[in-house]
>>> print(open('model_16.tsv').read())   # TSV, C-alpha atoms
chain	number	residue	atom	x	y	z
A	1	MET	CA	0.00	0.00	0.00
A	2	THR	CA	1.24	3.50	-0.84
A	3	THR	CA	0.16	6.86	0.50
A	4	SER	CA	0.42	10.38	-0.73
A	5	ALA	CA	2.66	12.70	1.25
A	6	LYS	CA	0.08	15.45	0.71
A	7	ASN	CA	-2.82	13.37	1.94
A	8	ARG	CA	-2.35	11.44	5.15
A	9	LEU	CA	-5.58	9.55	4.60
A	10	ALA	CA	-4.89	8.37	1.02
A	11	VAL	CA	-4.59	4.65	0.39
A	12	ASN	CA	-4.07	2.43	-2.64
A	13	ILE	CA	-5.78	-0.96	-2.56
A	14	ALA	CA	-4.85	-3.26	-5.44
A	15	GLY	CA	-4.30	-0.25	-7.69
A	16	ILE	CA	-7.44	1.65	-6.67
A	17	GLU	CA	-6.45	5.12	-5.50
A	18	MET	CA	-8.63	6.33	-2.62
A	19	LYS	CA	-8.30	9.82	-1.13
A	20	ASN	CA	-9.37	8.38	2.19
A	21	PRO	CA	-9.94	4.79	3.37
A	22	VAL	CA	-13.70	5.01	4.04
A	23	MET	CA	-16.46	3.60	1.82
A	24	PRO	CA	-20.06	2.60	2.49
A	25	ALA	CA	-20.51	-1.17	2.57
A	26	SER	CA	-22.48	-2.91	-0.16
A	27	GLY	CA	-26.09	-3.54	0.79
A	28	CYS	CA	-26.26	-0.62	3.19
A	29	PHE	CA	-26.08	2.26	0.71
A	30	GLY	CA	-28.06	1.19	-2.34
A	31	PHE	CA	-26.49	2.95	-5.30
A	32	GLY	CA	-26.07	6.15	-3.31
A	33	ARG	CA	-29.07	8.09	-4.62
A	34	GLU	CA	-30.71	8.61	-1.21
A	35	TYR	CA	-27.46	9.58	0.51
A	36	ALA	CA	-26.50	12.03	-2.25
A	37	GLN	CA	-29.32	14.22	-0.93
A	38	PHE	CA	-27.31	14.72	2.25
A	39	TYR	CA	-23.71	15.17	1.02
A	40	ASP	CA	-21.41	15.10	-2.00
A	41	LEU	CA	-20.48	11.45	-2.57
A	42	ASN	CA	-17.10	12.62	-3.90
A	43	LYS	CA	-16.13	13.02	-0.24
A	44	LEU	CA	-16.04	9.22	0.11
A	45	GLY	CA	-12.89	7.24	-0.54
A	46	ALA	CA	-14.95	4.87	-2.69
A	47	VAL	CA	-18.42	3.34	-2.76
A	48	ALA	CA	-19.39	-0.35	-2.75
A	49	VAL	CA	-22.82	-0.45	-4.38
A	50	LYS	CA	-25.70	-2.90	-3.96
A	51	ALA	CA	-25.19	-6.48	-5.05
A	52	THR	CA	-25.97	-6.97	-8.74
A	53	THR	CA	-27.32	-10.18	-10.25
A	54	VAL	CA	-28.08	-11.06	-13.88
A	55	GLU	CA	-31.81	-10.83	-13.37
A	56	GLU	CA	-33.86	-8.41	-11.29
A	57	ARG	CA	-34.56	-9.76	-7.80
A	58	GLN	CA	-37.42	-8.79	-5.51
A	59	GLY	CA	-35.69	-10.26	-2.47
A	60	ASN	CA	-37.17	-12.26	0.39
A	61	PRO	CA	-40.69	-11.86	1.83
A	62	THR	CA	-41.21	-9.35	4.64
A	63	PRO	CA	-40.47	-8.82	7.47
A	64	ARG	CA	-36.82	-8.75	6.42
A	65	VAL	CA	-35.24	-6.69	9.21
A	66	ALA	CA	-35.21	-7.07	13.01
A	67	GLU	CA	-33.37	-5.01	15.61
A	68	THR	CA	-31.08	-6.68	18.14
A	69	PRO	CA	-29.01	-5.32	21.04
A	70	GLY	CA	-25.92	-3.85	19.41
A	71	GLY	CA	-26.96	-4.58	15.86
A	72	MET	CA	-29.61	-5.73	13.44
A	73	LEU	CA	-30.69	-8.83	11.54
A	74	ASN	CA	-31.53	-8.65	7.86
A	75	ALA	CA	-32.65	-11.12	5.24
A	76	ILE	CA	-33.10	-8.84	2.23
A	77	GLY	CA	-32.20	-11.57	-0.25
A	78	LEU	CA	-30.09	-9.56	-2.70
A	79	GLN	CA	-32.94	-7.36	-3.94
A	80	ASN	CA	-31.63	-5.38	-6.91
A	81	PRO	CA	-32.81	-4.10	-10.31
A	82	GLY	CA	-30.71	-6.54	-12.33
A	83	LEU	CA	-27.66	-6.22	-14.56
A	84	ASP	CA	-29.29	-4.39	-17.49
A	85	ASP	CA	-30.79	-1.72	-15.25
A	86	VAL	CA	-27.56	-1.25	-13.31
A	87	MET	CA	-25.64	-0.79	-16.58
A	88	ALA	CA	-28.24	1.55	-18.10
A	89	TYR	CA	-29.15	3.72	-15.11
A	90	GLU	CA	-27.30	3.17	-11.84
A	91	LEU	CA	-23.67	3.20	-12.96
A	92	PRO	CA	-24.17	6.10	-15.45
A	93	TRP	CA	-25.85	8.10	-12.64
A	94	LEU	CA	-22.77	7.59	-10.47
A	95	GLU	CA	-20.54	9.05	-13.21
A	96	LYS	CA	-21.46	12.55	-12.03
A	97	PHE	CA	-19.25	11.87	-9.01
A	98	ASP	CA	-16.02	11.99	-10.98
A	99	GLN	CA	-13.73	11.57	-7.96
A	100	LEU	CA	-15.49	8.46	-6.66
A	101	PRO	CA	-14.11	4.96	-7.36
A	102	VAL	CA	-17.03	2.55	-7.69
A	103	ILE	CA	-16.80	-1.07	-6.52
A	104	VAL	CA	-19.65	-3.31	-7.72
A	105	ASN	CA	-20.73	-6.22	-5.55
A	106	VAL	CA	-21.32	-9.18	-7.89
A	107	ALA	CA	-23.70	-12.00	-6.92
A	108	GLY	CA	-25.29	-14.99	-8.60
A	109	THR	CA	-26.82	-18.43	-8.32
A	110	VAL	CA	-24.38	-20.37	-10.49
A	111	THR	CA	-20.89	-19.66	-11.82
A	112	ASP	CA	-22.14	-18.40	-15.20
A	113	ASP	CA	-24.22	-15.76	-13.41
A	114	TYR	CA	-21.15	-14.36	-11.68
A	115	ILE	CA	-19.20	-14.39	-14.94
A	116	LYS	CA	-21.90	-12.51	-16.88
A	117	VAL	CA	-22.22	-9.80	-14.27
A	118	ALA	CA	-18.50	-9.42	-13.63
A	119	GLU	CA	-17.62	-9.19	-17.32
A	120	ARG	CA	-20.18	-6.48	-18.10
A	121	VAL	CA	-19.86	-4.28	-15.02
A	122	SER	CA	-16.08	-4.29	-15.26
A	123	GLU	CA	-16.43	-2.63	-18.67
A	124	ALA	CA	-18.24	0.39	-17.21
A	125	PRO	CA	-15.92	3.43	-17.29
A	126	ASN	CA	-16.41	4.37	-13.65
A	127	VAL	CA	-16.10	0.90	-12.13
A	128	ALA	CA	-12.76	0.57	-10.33
A	129	GLY	CA	-13.24	-2.86	-8.81
A	130	ILE	CA	-15.46	-5.88	-8.26
A	131	GLU	CA	-16.45	-7.33	-4.91
A	132	LEU	CA	-17.23	-11.00	-5.45
A	133	ASN	CA	-20.08	-11.89	-3.10
A	134	ILE	CA	-19.58	-15.51	-2.05
A	135	SER	CA	-20.81	-14.93	1.48
A	136	CYS	CA	-24.45	-13.76	1.49
A	137	PRO	CA	-26.27	-15.93	4.09
A	138	ASN	CA	-29.76	-14.88	2.99
A	139	VAL	CA	-30.25	-16.62	-0.37
A	140	LYS	CA	-31.05	-20.28	-0.95
A	141	CYS	CA	-28.68	-20.72	-3.90
A	142	GLY	CA	-25.30	-19.14	-4.64
A	143	GLY	CA	-23.81	-16.69	-2.17
A	144	ILE	CA	-22.47	-18.49	0.85
A	145	THR	CA	-22.61	-21.81	-1.04
A	146	PHE	CA	-19.46	-20.67	-2.84
A	147	GLY	CA	-17.83	-19.18	0.22
A	148	THR	CA	-17.67	-22.11	2.61
A	149	ASP	CA	-15.52	-24.46	0.50
A	150	PRO	CA	-11.95	-23.35	-0.26
A	151	GLU	CA	-11.77	-25.27	-3.56
A	152	ILE	CA	-15.08	-23.91	-4.88
A	153	ALA	CA	-14.25	-20.38	-3.72
A	154	GLY	CA	-10.90	-20.60	-5.51
A	155	GLN	CA	-12.46	-21.94	-8.72
A	156	LEU	CA	-15.00	-19.14	-8.87
A	157	THR	CA	-12.34	-16.52	-8.17
A	158	ALA	CA	-10.20	-17.87	-11.01
A	159	GLU	CA	-13.15	-17.77	-13.44
A	160	ILE	CA	-13.94	-14.17	-12.54
A	161	LYS	CA	-10.31	-13.12	-12.88
A	162	LYS	CA	-10.39	-14.38	-16.49
A	163	VAL	CA	-13.14	-11.92	-17.49
A	164	SER	CA	-12.75	-8.97	-15.15
A	165	LYS	CA	-10.97	-5.87	-16.40
A	166	VAL	CA	-10.69	-4.43	-12.89
A	167	PRO	CA	-9.31	-5.71	-9.57
A	168	VAL	CA	-11.34	-8.47	-7.90
A	169	PHE	CA	-12.01	-8.42	-4.16
A	170	VAL	CA	-13.57	-11.52	-2.65
A	171	LYS	CA	-16.02	-10.95	0.21
A	172	LEU	CA	-15.54	-13.68	2.80
A	173	SER	CA	-18.08	-15.18	5.16
A	174	PRO	CA	-17.53	-15.38	8.92
A	175	ASN	CA	-19.86	-18.43	8.98
A	176	VAL	CA	-17.02	-20.90	8.48
A	177	THR	CA	-14.73	-22.86	10.76
A	178	ASP	CA	-11.47	-21.74	9.10
A	179	VAL	CA	-11.58	-18.41	7.30
A	180	VAL	CA	-7.79	-18.40	6.81
A	181	THR	CA	-7.93	-21.46	4.55
A	182	ILE	CA	-10.56	-19.85	2.33
A	183	ALA	CA	-8.67	-16.55	2.23
A	184	LYS	CA	-5.49	-18.32	1.13
A	185	ALA	CA	-7.42	-20.30	-1.52
A	186	VAL	CA	-8.86	-17.21	-3.20
A	187	GLU	CA	-5.51	-15.43	-3.00
A	188	ALA	CA	-3.88	-18.40	-4.74
A	189	ALA	CA	-6.62	-18.24	-7.40
A	190	GLY	CA	-5.69	-14.65	-8.22
A	191	ALA	CA	-7.85	-12.46	-5.99
A	192	ASP	CA	-6.54	-8.91	-5.82
A	193	GLY	CA	-7.96	-8.30	-2.35
A	194	LEU	CA	-10.42	-9.42	0.29
A	195	SER	CA	-13.51	-7.89	1.89
A	196	MET	CA	-14.30	-9.13	5.36
A	197	ILE	CA	-16.48	-9.82	7.06
A	198	ASN	CA	-20.03	-10.36	5.85
A	199	THR	CA	-22.84	-10.85	8.37
A	200	LEU	CA	-23.11	-13.61	10.97
A	201	LEU	CA	-26.07	-15.97	10.68
A	202	GLY	CA	-28.65	-15.33	13.42
A	203	MET	CA	-32.31	-15.48	14.42
A	204	ARG	CA	-34.87	-13.78	16.68
A	205	ILE	CA	-38.24	-15.21	17.77
A	206	ASP	CA	-41.44	-13.22	18.35
A	207	LEU	CA	-42.65	-13.96	21.89
A	208	LYS	CA	-46.32	-13.59	20.97
A	209	THR	CA	-46.43	-15.63	17.78
A	210	ARG	CA	-43.64	-18.02	18.88
A	211	ARG	CA	-42.32	-17.87	15.34
A	212	PRO	CA	-39.11	-16.37	13.92
A	213	ILE	CA	-39.50	-12.62	13.38
A	214	LEU	CA	-37.92	-12.72	9.93
A	215	ALA	CA	-40.03	-14.32	7.21
A	216	ASN	CA	-36.84	-16.01	6.03
A	217	GLY	CA	-36.35	-17.53	9.49
A	218	THR	CA	-32.68	-16.65	9.76
A	219	GLY	CA	-30.86	-13.48	8.80
A	220	GLY	CA	-27.45	-11.83	8.84
A	221	LEU	CA	-26.36	-10.10	12.05
A	222	SER	CA	-24.49	-6.83	11.55
A	223	GLY	CA	-23.59	-3.77	13.60
A	224	PRO	CA	-21.33	-3.15	16.63
A	225	ALA	CA	-22.12	-6.61	18.08
A	226	ILE	CA	-20.01	-8.31	15.40
A	227	LYS	CA	-17.02	-5.95	15.51
A	228	PRO	CA	-14.86	-8.17	17.79
A	229	VAL	CA	-15.45	-11.11	15.42
A	230	ALA	CA	-14.43	-9.01	12.42
A	231	ILE	CA	-11.32	-7.71	14.17
A	232	ARG	CA	-10.28	-11.25	15.14
A	233	MET	CA	-10.75	-12.65	11.63
A	234	ILE	CA	-8.93	-9.78	9.91
A	235	TYR	CA	-6.12	-10.10	12.47
A	236	GLU	CA	-5.77	-13.81	11.65
A	237	VAL	CA	-6.12	-13.55	7.86
A	238	SER	CA	-3.93	-10.49	7.30
A	239	GLN	CA	-0.93	-12.35	8.74
A	240	GLN	CA	-1.40	-15.18	6.24
A	241	VAL	CA	-2.04	-13.33	2.96
A	242	SER	CA	-0.25	-10.56	1.07
A	243	ILE	CA	-3.28	-8.95	-0.61
A	244	PRO	CA	-5.12	-5.93	0.88
A	245	ILE	CA	-8.22	-6.30	3.04
A	246	ILE	CA	-11.27	-4.03	3.10
A	247	GLY	CA	-12.39	-4.40	6.70
A	248	MET	CA	-16.00	-4.11	7.86
A	249	GLY	CA	-18.27	-5.19	10.69
A	250	GLY	CA	-19.71	-2.69	13.16
A	251	ILE	CA	-17.61	0.36	12.27
A	252	GLN	CA	-19.20	3.55	13.61
A	253	SER	CA	-16.32	5.86	14.57
A	254	ALA	CA	-12.84	7.00	13.56
A	255	ASP	CA	-11.42	4.96	16.45
A	256	ASP	CA	-13.09	1.88	14.96
A	257	VAL	CA	-11.38	2.59	11.63
A	258	ILE	CA	-8.00	2.77	13.33
A	259	GLU	CA	-8.65	-0.49	15.18
A	260	PHE	CA	-9.52	-2.25	11.90
A	261	PHE	CA	-6.29	-0.95	10.35
A	262	MET	CA	-4.30	-2.20	13.33
A	263	ALA	CA	-5.90	-5.62	12.84
A	264	GLY	CA	-4.69	-5.65	9.22
A	265	ALA	CA	-7.16	-3.73	7.04
A	266	SER	CA	-5.99	-1.38	4.29
A	267	ALA	CA	-9.40	0.30	3.82
A	268	VAL	CA	-12.77	0.02	5.56
A	269	ALA	CA	-16.46	-0.16	4.73
A	270	VAL	CA	-19.21	1.25	6.95
A	271	GLY	CA	-22.49	-0.68	6.91
A	272	THR	CA	-25.26	-0.66	9.50
A	273	ALA	CA	-24.20	2.70	10.96
A	274	ASN	CA	-25.50	4.38	7.76
A	275	PHE	CA	-29.03	3.47	8.84
A	276	VAL	CA	-28.52	5.16	12.21
A	277	ASP	CA	-26.79	8.29	10.87
A	278	PRO	CA	-26.78	8.92	7.10
A	279	LEU	CA	-23.85	11.31	7.62
A	280	ILE	CA	-21.70	8.75	9.43
A	281	CYS	CA	-19.21	8.26	6.58
A	282	PRO	CA	-18.33	11.95	6.07
A	283	THR	CA	-18.28	12.42	9.86
A	284	ILE	CA	-15.73	9.63	10.28
A	285	ILE	CA	-13.63	10.99	7.40
A	286	ASP	CA	-13.62	14.46	8.99
A	287	GLU	CA	-12.45	13.01	12.32
A	288	LEU	CA	-9.73	10.71	11.03
A	289	GLU	CA	-6.87	13.18	10.61
A	290	ALA	CA	-7.29	14.50	14.16
A	291	LYS	CA	-7.21	10.90	15.37
A	292	LEU	CA	-3.91	10.33	13.56
A	293	ASP	CA	-2.53	13.34	15.44
A	294	HIS	CA	-3.94	12.00	18.71
A	295	TYR	CA	-2.18	8.66	18.27
A	296	GLY	CA	1.01	10.19	16.86
A	297	VAL	CA	0.67	8.64	13.41
A	298	GLN	CA	1.78	10.32	10.19
A	299	THR	CA	-0.36	8.38	7.69
A	300	ILE	CA	-3.28	5.98	8.01
A	301	GLY	CA	-1.40	3.40	5.95
A	302	GLU	CA	1.23	3.07	8.66
A	303	LEU	CA	-1.36	1.46	10.88
A	304	THR	CA	-2.11	-1.59	8.70
A	305	GLY	CA	-1.21	-4.63	10.76
A	306	ALA	CA	0.20	-2.54	13.62
A	307	GLY	CA	-1.61	-4.85	16.02
A	308	TRP	CA	0.61	-7.80	15.12
A	309	LYS	CA	3.71	-6.40	13.38
A	310	ARG	CA	6.83	-6.30	15.53
>>> encode(input="model_16.tsv", output="C-alpha cells")
Amino acid sequence: MTTSAKNRLAVNIAGIEMKNPVMPASGCFGFGREYAQFYDLNKLGAVAVKATTVEERQGNPTPRVAETPGGMLNAIGLQNPGLDDVMAYELPWLEKFDQLPVIVNVAGTVTDDYIKVAERVSEAPNVAGIELNISCPNVKCGGITFGTDPEIAGQLTAEIKKVSKVPVFVKLSPNVTDVVTIAKAVEAAGADGLSMINTLLGMRIDLKTRRPILANGTGGLSGPAIKPVAIRMIYEVSQQVSIPIIGMGGIQSADDVIEFFMAGASAVAVGTANFVDPLICPTIIDELEAKLDHYGVQTIGELTGAGWKR
C-alpha cells in the first residue's frame, strides 16, 4: 500500500487510489441516490454499491429486518434491479461523481451468473473494482454456497479473474470454521484483495407468535455486536495473505477505523451505521486526521497490521 505525502488519509488498494480509506458497505447504501441528498459522494474514498445479479430480484418476503441489542438482523435476499438496469441507469448516474471509485458487488446463483455480471460491469468506465459476493447468508442458492468451500471459492475466483478488467475483491463469510484457509485459496486463485467480514447468521423469535420474526427464518447479524469477530478474523487472515483487506463489521467511529487498520485492514467499509446516521461516513472521514494526530501517526497506511507487526 502506498500513500500520498500530501494526503495522510490516502490509500491504494490493489491499484485503486482512494483519497481516504472510508467507503459505504455494499447492501447498506443502495447505489447512493438517497445519501447524495445529504452530502457530496465525492467526499467518500470509494463506494461499494448494492449487489448486482443477472436478473432483477425482488428479495425475500417481509419482514426482512429485526433489531437486536448492538446490531440488526436482515434477510433482504439480494434485492436489486438486475444487470441491465444497473448498466443503463445506476452506474451512469454515479458518473457525475467523478472523484469516486465505484466497486460493484457481484452475486449470482451459479458460476455463469457471476461471470456474466463481472464481465459487463467491469467494462463500465467508472467501475474501479469488483467485490465478489460468495458470502451472502440470505439466499437459498449461490452466495455463501461458494464461500464455505476453499476449492469452490478458488475456482469461482479464477473464473472471474479471467473476465474482469478491474481488480477483484472476494467478500468472505464469517460463517465458516477456518476463514484463513478460504482466504489463502482465493488469494492463490488470483484475488486482488479481500472484503471481510459479511454478516453472521442469526435469528430472533417473536414472543407472541412463537415464530421467527424474519419471514426467512434466519438473517445476517451486523452492527457493533459483530465488531470483535471481524477484528479477530482480519487479524488472523492479514498475517497469512499478502493482498489488501477491506475491513467491515460494526464500524461507527474513527477509532473503529484505526482499530480495523491495526488488525490488518488497508481500507474500511461502513455498513449498519449508515441506517442510524446517514452522515456517518463523512463524519468519520472528517475526524480521522485528528485521530492520527492523537495517536502520533503520520499516515493511516502506517497502521495496517500494527496490532501484530513487531
>>> closest_atom_pairs(input="model_16.tsv", of="region 13-112 of chain A", to="region 151-171 of chain A", cutoff="9 Å", atoms="only C-alpha atoms", output="JSON lines")
{"residue": "A:Ala14", "atom": "CA", "partner": "A:Pro167", "partner_atom": "CA", "distance": 6.6}
{"residue": "A:Gly15", "atom": "CA", "partner": "A:Pro167", "partner_atom": "CA", "distance": 7.6}
{"residue": "A:Ile16", "atom": "CA", "partner": "A:Pro167", "partner_atom": "CA", "distance": 8.1}
{"residue": "A:Asn105", "atom": "CA", "partner": "A:Lys171", "partner_atom": "CA", "distance": 8.8}
{"residue": "A:Thr111", "atom": "CA", "partner": "A:Leu156", "partner_atom": "CA", "distance": 6.6}
>>> closest_atom_pairs(input="model_16.tsv", of="region 179-250 of chain A", to="region 74-91 of chain A", cutoff="7 Å", atoms="all atoms listed in the file", output="CSV")
residue,atom,partner,partner_atom,distance
A:Asn216,CA,A:Ala75,CA,6.5
A:Gly219,CA,A:Ala75,CA,4.6
A:Gly220,CA,A:Asn74,CA,5.3
A:Leu221,CA,A:Asn74,CA,6.8
>>> write_last_selection(input="model_16.tsv", atoms="C-alpha atoms", output="JSON list (two decimals), in the coordinates of the input")
[["chain", "number", "residue", "atom", "x", "y", "z"],
["A", 216, "ASN", "CA", -36.84, -16.01, 6.03],
["A", 219, "GLY", "CA", -30.86, -13.48, 8.80],
["A", 220, "GLY", "CA", -27.45, -11.83, 8.84],
["A", 221, "LEU", "CA", -26.36, -10.10, 12.05]]
>>> residues_around(input="model_16.tsv", residues="Ile213 (chain A)", least_positions_apart="5", cutoff="6 Å", atoms="only C-alpha atoms", output="list in words")
Arg204, Ile205 and Asp206 of chain A
>>> closest_residue(input="model_16.tsv", among="A:Val65, A:Ala188, A:Pro21, A:Asp40", to="Leu9 (chain A)", atoms="only C-alpha atoms")
A:Pro21
>>> atom_distance(input="model_16.tsv", atom1="CA of Ile284 (chain A)", atom2="CA of Asp256 (chain A)")
9.4 Å
